[in-house]
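J.: Before we start, here is the structure in question, set down as structure tokens.
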Amino acid sequence: MQVTVNEVGGLTKKLKIVLPKEEVTKELEAGFRKIKNDARIKGFRRGKVPRHILERTYGQQVRAEVAEKLVQTTYFDAVEKEKLDVVAHPEINTPVFEEDGSFSYEAEVDTRPQFELRDYKGLEIEKENITVTVAEIDSEIFRLRRELAPLRSVEERAAQEGDIVIVDFDGFHEGELMKQVHGENVNVDIGTGRHGEEFEKKLIGMKKGEESSVEVDFSADSPNPLLAGKKIEFKIKLNDIKERVLPEVDDEFAKDIGEEFASLAALRQHISDRILVQKEQALEGDISDRIMQKLLEANQFEVPSRLVQYEINEYIKQTEDTLRRGGLSLESAGVNRAEAEDRYRDTAVKRVQGDFILKKIAEQEEIKIQDEDINNGFARIAKQYNMTVPEVKGYFKSRDDMLPFISELLNEKILKFLRNEARYIPATAAAKDEAKQSFNAGDEEAGEITDKNETSGE
């Protein structure tokens, strides 16, 4: 086997691999023998078909199968021979059976970036003190009251914030009906923002049976791509107004929330404990973001283009999947694929850089995933999605299914190590926001397209 390595640019290299005639002939002969034993051609007994007939009938098929086998059996040997530290799958160019009987193909590969890891222990990280306020507990109590409150129709007054109204609506842009901006008997909880703050505000003051036409200007960064940057005229009919009859806040209210709460004080303590856990989990995530931001600032290096493109493709795929569930495509939602890829590229680069940095820390600190870590990961997913652990394991049947999961568990373990090694100082709100926005910009962009539910006839 002859291997030639050419520099394409950066971390990308092109390997030309040439296999000798003897090896190629051996594989072709084996391929035609297999076909000969199985081939059924009129006029010939099974196993007695002449080679030139097989060549004419099955030659293309045999060569395609042999080419695939030769690539699979020689690519890794070629990489090992040249001592290349390859990441991601190669791009294999069309293999060629040469006239002299040899076989050649080209493999374009990306290699692992080499960089000197800067200081990562004892990072100075800003950290907030966590407290739970009475106002936060009261706010959760109010939310629970709203959930338990029965509804009654209102006849004598107009809609106001806090009401649930049932409406029909159609959206028009520049006088043209938007078929996807349509709803019948849609429940709108005024003040929640689930159907867009501007839309909900326009419903305040309308009475049962009233029809109205209102215009809403949607900003260019509106979460709904159908509406973003457009002035939409909504023709609305308000079918009903319902108000909540809020229960009294007392011990009986607590018991209605759950049997385990014997008193209002017990419920309030439970709420306080739950909010504290949520804040601690959120802070843990924020600290991890700040650590990653510092590591990225200290370790600048080129990353493999294929891994970056993989991240971008995954982001686009998630966006497409979410839109498809709503009956939309990128095009019908007004999302330009090329522009979306460009917006996400910087974040994709940071994600790839971050993963290389974390894995290098794992190597230096000998941080590894144990069976206990995997089992804990299964148990966490089971709890999150109300499943059994065996059910969760059923989703991880193959090695390809497990690898991303194990990689994620390893990154979590490395970040926990880094949080324990960090040196903490009192935080400022500005620093917290800056770190989160910088490292999670891509998540926020994805959320703009996929997460929020603004008025669209859903």
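Numbering starts fresh at 1 for the residues of each chain in the structure tokens, the chains themselves are lettered A, B, ... in the order given, and ligands are numbered from 1 as they appear.
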Check stretch 209-401 of chain A with DSSP on the backbone and list each residue it calls helix (DSSP H, G or I), as a ChimeraX atom specification.
T.: /A:251-257,264-298,305-325,337-365,371-384,389-393,399-401
J.: Could you dump the residues just selected with C-alpha atoms as a tab-separated table (two decimals), in the first residue's frame?
T.:
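Here's the written file result_23.tsv:
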```
chain	number	residue	atom	x	y	z
A	251	ASP	CA	-54.37	25.17	55.45
A	252	GLU	CA	-57.16	23.68	53.33
A	253	PHE	CA	-55.59	25.20	50.24
A	254	ALA	CA	-52.29	23.50	51.14
A	255	LYS	CA	-54.04	20.14	51.53
A	256	ASP	CA	-55.63	20.58	48.11
A	257	ILE	CA	-52.14	20.96	46.64
A	264	LEU	CA	-49.89	26.26	54.74
A	265	ALA	CA	-46.55	26.60	56.56
A	266	ALA	CA	-45.50	23.14	55.35
A	267	LEU	CA	-46.41	24.06	51.77
A	268	ARG	CA	-44.47	27.31	51.95
A	269	GLN	CA	-41.40	25.47	53.29
A	270	HIS	CA	-41.65	22.93	50.46
A	271	ILE	CA	-41.84	25.74	47.90
A	272	SER	CA	-38.85	27.47	49.49
A	273	ASP	CA	-36.78	24.27	49.36
A	274	ARG	CA	-37.73	23.63	45.73
A	275	ILE	CA	-36.87	27.17	44.63
A	276	LEU	CA	-33.53	26.87	46.42
A	277	VAL	CA	-32.69	23.65	44.55
A	278	GLN	CA	-33.69	25.24	41.24
A	279	LYS	CA	-31.50	28.27	41.95
A	280	GLU	CA	-28.57	26.07	42.92
A	281	GLN	CA	-28.90	24.09	39.67
A	282	ALA	CA	-29.16	27.28	37.65
A	283	LEU	CA	-26.11	28.74	39.40
A	284	GLU	CA	-24.16	25.57	38.71
A	285	GLY	CA	-24.93	25.98	35.02
A	286	ASP	CA	-23.98	29.66	35.09
A	287	ILE	CA	-20.66	28.89	36.77
A	288	SER	CA	-19.91	26.23	34.15
A	289	ASP	CA	-20.61	28.83	31.44
A	290	ARG	CA	-18.20	31.29	33.07
A	291	ILE	CA	-15.53	28.64	33.39
A	292	MET	CA	-15.92	27.71	29.72
A	293	GLN	CA	-15.74	31.36	28.71
A	294	LYS	CA	-12.44	31.80	30.56
A	295	LEU	CA	-11.03	28.60	29.07
A	296	LEU	CA	-12.02	29.70	25.57
A	297	GLU	CA	-10.44	33.12	26.04
A	298	ALA	CA	-7.19	31.54	27.26
A	305	SER	CA	-13.95	22.28	9.88
A	306	ARG	CA	-15.90	19.02	9.67
A	307	LEU	CA	-16.68	19.04	13.37
A	308	VAL	CA	-17.85	22.64	13.12
A	309	GLN	CA	-20.08	21.77	10.18
A	310	TYR	CA	-21.45	18.80	12.10
A	311	GLU	CA	-22.49	21.11	14.94
A	312	ILE	CA	-24.13	23.49	12.47
A	313	ASN	CA	-25.96	20.63	10.75
A	314	GLU	CA	-27.27	19.37	14.09
A	315	TYR	CA	-28.55	22.84	14.95
A	316	ILE	CA	-30.31	23.15	11.58
A	317	LYS	CA	-31.74	19.62	11.94
A	318	GLN	CA	-33.19	20.41	15.37
A	319	THR	CA	-34.74	23.58	13.98
A	320	GLU	CA	-36.20	21.68	11.02
A	321	ASP	CA	-37.60	18.93	13.27
A	322	THR	CA	-39.31	21.45	15.54
A	323	LEU	CA	-40.78	23.38	12.63
A	324	ARG	CA	-41.91	20.14	10.96
A	325	ARG	CA	-43.93	19.23	14.06
A	337	ARG	CA	-30.66	28.16	5.76
A	338	ALA	CA	-27.41	29.84	4.71
A	339	GLU	CA	-28.06	32.81	7.01
A	340	ALA	CA	-28.95	30.50	9.90
A	341	GLU	CA	-25.70	28.58	9.38
A	342	ASP	CA	-23.68	31.81	9.37
A	343	ARG	CA	-25.37	33.04	12.56
A	344	TYR	CA	-24.58	29.82	14.36
A	345	ARG	CA	-21.04	29.31	13.07
A	346	ASP	CA	-19.22	31.23	15.83
A	347	THR	CA	-21.11	29.31	18.50
A	348	ALA	CA	-20.36	26.02	16.73
A	349	VAL	CA	-16.64	26.87	16.72
A	350	LYS	CA	-16.78	27.61	20.46
A	351	ARG	CA	-18.54	24.34	21.16
A	352	VAL	CA	-15.91	22.36	19.26
A	353	GLN	CA	-13.07	24.28	20.92
A	354	GLY	CA	-14.66	23.76	24.31
A	355	ASP	CA	-14.95	20.02	23.78
A	356	PHE	CA	-11.27	19.72	22.81
A	357	ILE	CA	-10.27	21.74	25.87
A	358	LEU	CA	-12.35	19.65	28.25
A	359	LYS	CA	-11.11	16.37	26.80
A	360	LYS	CA	-7.50	17.52	27.15
A	361	ILE	CA	-8.14	18.40	30.79
A	362	ALA	CA	-9.62	14.91	31.24
A	363	GLU	CA	-6.42	13.38	29.83
A	364	GLN	CA	-4.16	15.41	32.10
A	365	GLU	CA	-6.27	14.79	35.22
A	371	ASP	CA	-20.06	2.33	35.16
A	372	GLU	CA	-21.45	4.22	38.15
A	373	ASP	CA	-21.50	7.47	36.15
A	374	ILE	CA	-23.40	5.81	33.30
A	375	ASN	CA	-25.94	4.24	35.66
A	376	ASN	CA	-26.46	7.60	37.39
A	377	GLY	CA	-26.98	9.16	33.97
A	378	PHE	CA	-29.63	6.58	33.11
A	379	ALA	CA	-31.36	7.16	36.46
A	380	ARG	CA	-31.40	10.92	35.93
A	381	ILE	CA	-33.01	10.60	32.50
A	382	ALA	CA	-35.55	8.12	33.90
A	383	LYS	CA	-36.54	10.57	36.64
A	384	GLN	CA	-36.70	13.52	34.23
A	389	VAL	CA	-34.14	2.75	33.95
A	390	PRO	CA	-34.58	-0.35	31.69
A	391	GLU	CA	-36.75	1.77	29.37
A	392	VAL	CA	-34.03	4.42	29.18
A	393	LYS	CA	-31.37	1.80	28.48
A	399	ARG	CA	-22.21	2.02	20.35
A	400	ASP	CA	-23.17	4.98	18.15
A	401	ASP	CA	-26.08	5.73	20.51
```
J.: I'd like to know which residues of stretch 105-184 of chain A are strand (DSSP E) (by DSSP, run on the backbone); could you write them as JSON, numbers by chain?
T.: {"A": [105, 106, 107, 108, 109, 110, 111, 124, 125, 126, 127, 151, 152, 153, 164, 165, 166, 167, 168, 169, 170, 171, 172, 173, 176, 177, 178, 179, 180, 181, 182, 183, 184]}
J.: Compile the contact shell of stretch 165-178 of chain A as an mmCIF file with C-alpha atoms, in the first residue's frame: residues with an atom at most 6 Å away, counting only C-alpha atoms, same-chain residues fewer than 5 positions apart removed.
T.:
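To be explicit, this is the file written out as part-v1.cif:
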```cif
data_model
loop_
_atom_site.group_PDB
_atom_site.id
_atom_site.type_symbol
_atom_site.label_atom_id
_atom_site.label_comp_id
_atom_site.auth_asym_id
_atom_site.auth_seq_id
_atom_site.Cartn_x
_atom_site.Cartn_y
_atom_site.Cartn_z
ATOM 1 C CA GLY A 183 -57.136 29.926 15.046
ATOM 2 C CA GLU A 184 -60.609 28.891 16.102
ATOM 3 C CA ASN A 185 -61.784 28.789 19.729
ATOM 4 C CA VAL A 186 -58.247 29.394 20.918
ATOM 5 C CA ASN A 187 -57.761 29.839 24.680
ATOM 6 C CA VAL A 188 -55.649 32.927 25.355
ATOM 7 C CA ILE A 232 -49.731 41.862 11.061
ATOM 8 C CA GLU A 233 -53.405 42.786 11.035
ATOM 9 C CA PHE A 234 -55.451 40.437 13.200
ATOM 10 C CA LYS A 235 -59.168 40.094 12.677
ATOM 11 C CA ILE A 236 -60.471 38.795 15.972
ATOM 12 C CA LYS A 237 -63.789 37.559 17.294
ATOM 13 C CA LEU A 238 -64.017 37.167 21.069
ATOM 14 C CA ASN A 239 -66.306 34.215 21.819
ATOM 15 C CA ASP A 240 -66.144 34.079 25.599
ATOM 16 C CA ILE A 241 -64.466 35.571 28.659
#
```
J.: List the spatial neighbours of A:Pro304 as a PyMOL selection string - criterion: any atom at most 8 Å away, only C-alpha atoms, same-chain residues fewer than 2 positions off excluded.
T.: chain A and resi 11-12+87+110-113+302+306-308
J.: Let me make sure I understand: among A:Glu65, A:Leu409, A:Val18, A:Lys36, which one has the smallest atom-to-atom distance to A:His52 if we use only C-alpha atoms?
T.: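 Of the candidates, the smallest distance to A:His52 is held by A:Lys36.
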J.: What is the atom CA of A:Thr428 to atom CA of A:Thr131 distance in Å?
T.: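 Rounded to one decimal, the two atoms are 15.5 Å apart.
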J.: Please determine, counting only C-alpha atoms, which residue among A:Val216, A:Ile125, A:Val62, A:Ile130 has the shortest atom-to-atom distance to A:Glu421.
T.: A:Ile125
J.: Using only C-alpha atoms, which of the listed residues (A:Lys179, A:Lys81, A:Arg146, A:Arg157) sits closest to A:Pro247?
T.: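 Checking each of A:Lys179, A:Lys81, A:Arg146, A:Arg157 against A:Pro247, counting only C-alpha atoms, the winner is A:Arg146.
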J.: Find the residues around A:Phe76 up to 12 Å (only C-alpha atoms counted), leave out those fewer than 2 positions away in its own chain, and share them as a list in words.
T.: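 Returned residues: Val3, Leu15, Ile17, Leu70, Val71, Gln72, Thr73, Thr74, Ala78, Val79, Glu80, Lys81, Glu82, Lys83, Leu84, Asp85, Val86, His89, Pro90, Ala107 and Val109 of chain A.
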J.: The selected residues should be written to file as an mmCIF file, in the first residue's frame (atoms: N, CA, C and O atoms).
T.:
```cif
data_model
loop_
_atom_site.group_PDB
_atom_site.id
_atom_site.type_symbol
_atom_site.label_atom_id
_atom_site.label_comp_id
_atom_site.auth_asym_id
_atom_site.auth_seq_id
_atom_site.Cartn_x
_atom_site.Cartn_y
_atom_site.Cartn_z
ATOM 1 N N VAL A 3 0.941 5.353 0.359
ATOM 2 C CA VAL A 3 0.143 6.458 0.906
ATOM 3 C C VAL A 3 0.896 7.761 0.707
ATOM 4 O O VAL A 3 2.069 7.883 1.070
ATOM 5 N N LEU A 15 -5.261 12.322 1.762
ATOM 6 C CA LEU A 15 -4.468 11.115 1.600
ATOM 7 C C LEU A 15 -4.815 10.474 0.258
ATOM 8 O O LEU A 15 -5.999 10.303 -0.061
ATOM 9 N N ILE A 17 -4.335 6.958 -1.510
ATOM 10 C CA ILE A 17 -3.980 5.590 -1.146
ATOM 11 C C ILE A 17 -4.059 4.720 -2.391
ATOM 12 O O ILE A 17 -5.089 4.690 -3.072
ATOM 13 N N LEU A 70 -12.306 -2.575 0.002
ATOM 14 C CA LEU A 70 -10.905 -2.144 0.011
ATOM 15 C C LEU A 70 -10.708 -0.854 0.801
ATOM 16 O O LEU A 70 -9.713 -0.699 1.522
ATOM 17 N N VAL A 71 -11.646 0.065 0.654
ATOM 18 C CA VAL A 71 -11.556 1.317 1.419
ATOM 19 C C VAL A 71 -11.674 1.028 2.904
ATOM 20 O O VAL A 71 -10.887 1.528 3.727
ATOM 21 N N GLN A 72 -12.667 0.235 3.293
ATOM 22 C CA GLN A 72 -12.904 -0.051 4.711
ATOM 23 C C GLN A 72 -11.727 -0.776 5.360
ATOM 24 O O GLN A 72 -11.422 -0.543 6.532
ATOM 25 N N THR A 73 -11.074 -1.647 4.594
ATOM 26 C CA THR A 73 -9.995 -2.454 5.181
ATOM 27 C C THR A 73 -8.636 -1.775 5.136
ATOM 28 O O THR A 73 -7.690 -2.250 5.782
ATOM 29 N N THR A 74 -8.502 -0.690 4.379
ATOM 30 C CA THR A 74 -7.174 -0.062 4.245
ATOM 31 C C THR A 74 -7.100 1.356 4.799
ATOM 32 O O THR A 74 -6.003 1.852 5.081
ATOM 33 N N ALA A 78 -3.852 3.059 6.635
ATOM 34 C CA ALA A 78 -3.146 4.195 6.033
ATOM 35 C C ALA A 78 -2.970 5.323 7.049
ATOM 36 O O ALA A 78 -1.894 5.941 7.129
ATOM 37 N N VAL A 79 -4.010 5.580 7.821
ATOM 38 C CA VAL A 79 -3.934 6.627 8.839
ATOM 39 C C VAL A 79 -2.887 6.278 9.887
ATOM 40 O O VAL A 79 -2.080 7.116 10.308
ATOM 41 N N GLU A 80 -2.883 5.003 10.300
ATOM 42 C CA GLU A 80 -1.909 4.564 11.301
ATOM 43 C C GLU A 80 -0.487 4.615 10.745
ATOM 44 O O GLU A 80 0.458 5.010 11.441
ATOM 45 N N LYS A 81 -0.336 4.244 9.496
ATOM 46 C CA LYS A 81 0.986 4.257 8.865
ATOM 47 C C LYS A 81 1.576 5.660 8.853
ATOM 48 O O LYS A 81 2.787 5.843 9.077
ATOM 49 N N GLU A 82 0.734 6.667 8.598
ATOM 50 C CA GLU A 82 1.206 8.050 8.540
ATOM 51 C C GLU A 82 1.173 8.746 9.896
ATOM 52 O O GLU A 82 1.482 9.933 9.996
ATOM 53 N N LYS A 83 0.750 7.997 10.930
ATOM 54 C CA LYS A 83 0.706 8.529 12.301
ATOM 55 C C LYS A 83 -0.134 9.817 12.383
ATOM 56 O O LYS A 83 0.283 10.818 12.972
ATOM 57 N N LEU A 84 -1.314 9.772 11.786
ATOM 58 C CA LEU A 84 -2.225 10.912 11.788
ATOM 59 C C LEU A 84 -3.256 10.751 12.894
ATOM 60 O O LEU A 84 -3.848 9.674 13.044
ATOM 61 N N ASP A 85 -3.466 11.804 13.663
ATOM 62 C CA ASP A 85 -4.485 11.794 14.714
ATOM 63 C C ASP A 85 -5.752 12.400 14.113
ATOM 64 O O ASP A 85 -5.982 13.613 14.153
ATOM 65 N N VAL A 86 -6.563 11.537 13.526
ATOM 66 C CA VAL A 86 -7.718 11.981 12.747
ATOM 67 C C VAL A 86 -8.956 12.094 13.622
ATOM 68 O O VAL A 86 -9.200 11.262 14.500
ATOM 69 N N HIS A 89 -15.371 11.704 10.565
ATOM 70 C CA HIS A 89 -15.339 10.765 9.452
ATOM 71 C C HIS A 89 -14.649 11.406 8.243
ATOM 72 O O HIS A 89 -14.802 12.599 7.987
ATOM 73 N N PRO A 90 -13.926 10.601 7.470
ATOM 74 C CA PRO A 90 -13.240 11.148 6.291
ATOM 75 C C PRO A 90 -14.217 11.382 5.150
ATOM 76 O O PRO A 90 -15.323 10.827 5.125
ATOM 77 N N ALA A 107 -8.760 10.241 0.455
ATOM 78 C CA ALA A 107 -9.503 10.463 1.701
ATOM 79 C C ALA A 107 -9.093 11.811 2.266
ATOM 80 O O ALA A 107 -7.925 12.028 2.596
ATOM 81 N N VAL A 109 -9.199 14.295 5.279
ATOM 82 C CA VAL A 109 -9.399 14.110 6.721
ATOM 83 C C VAL A 109 -9.064 15.389 7.479
ATOM 84 O O VAL A 109 -8.317 16.252 6.997
#
```
J.: As a list in words, please: the residues near A:Leu410 (cut-off 9 Å, only C-alpha atoms, same-chain neighbours under 2 positions excluded).
T.: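 Once the adjacent positions are removed, what remains is Leu358, Lys359, Ala362, Ile367, Lys368, Ile369, Asp373, Phe405, Ile406, Ser407, Glu408, Glu412, Lys413, Ile414 and Leu415 of chain A.
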J.: When you draw a straight line from atom CA of A:Val249 to atom CA of A:Lys201, how long is it in Å?
T.: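 For atom CA of A:Val249 relative to atom CA of A:Lys201, the distance reads 28.9 Å.
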J.: Which one of A:Asn336, A:Thr25, A:Ser398, A:Ser153 sits closest to A:Pro225 if you count only C-alpha atoms?
T.: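 Going through A:Asn336, A:Thr25, A:Ser398, A:Ser153 one by one, the smallest distance to A:Pro225 is for A:Asn336.
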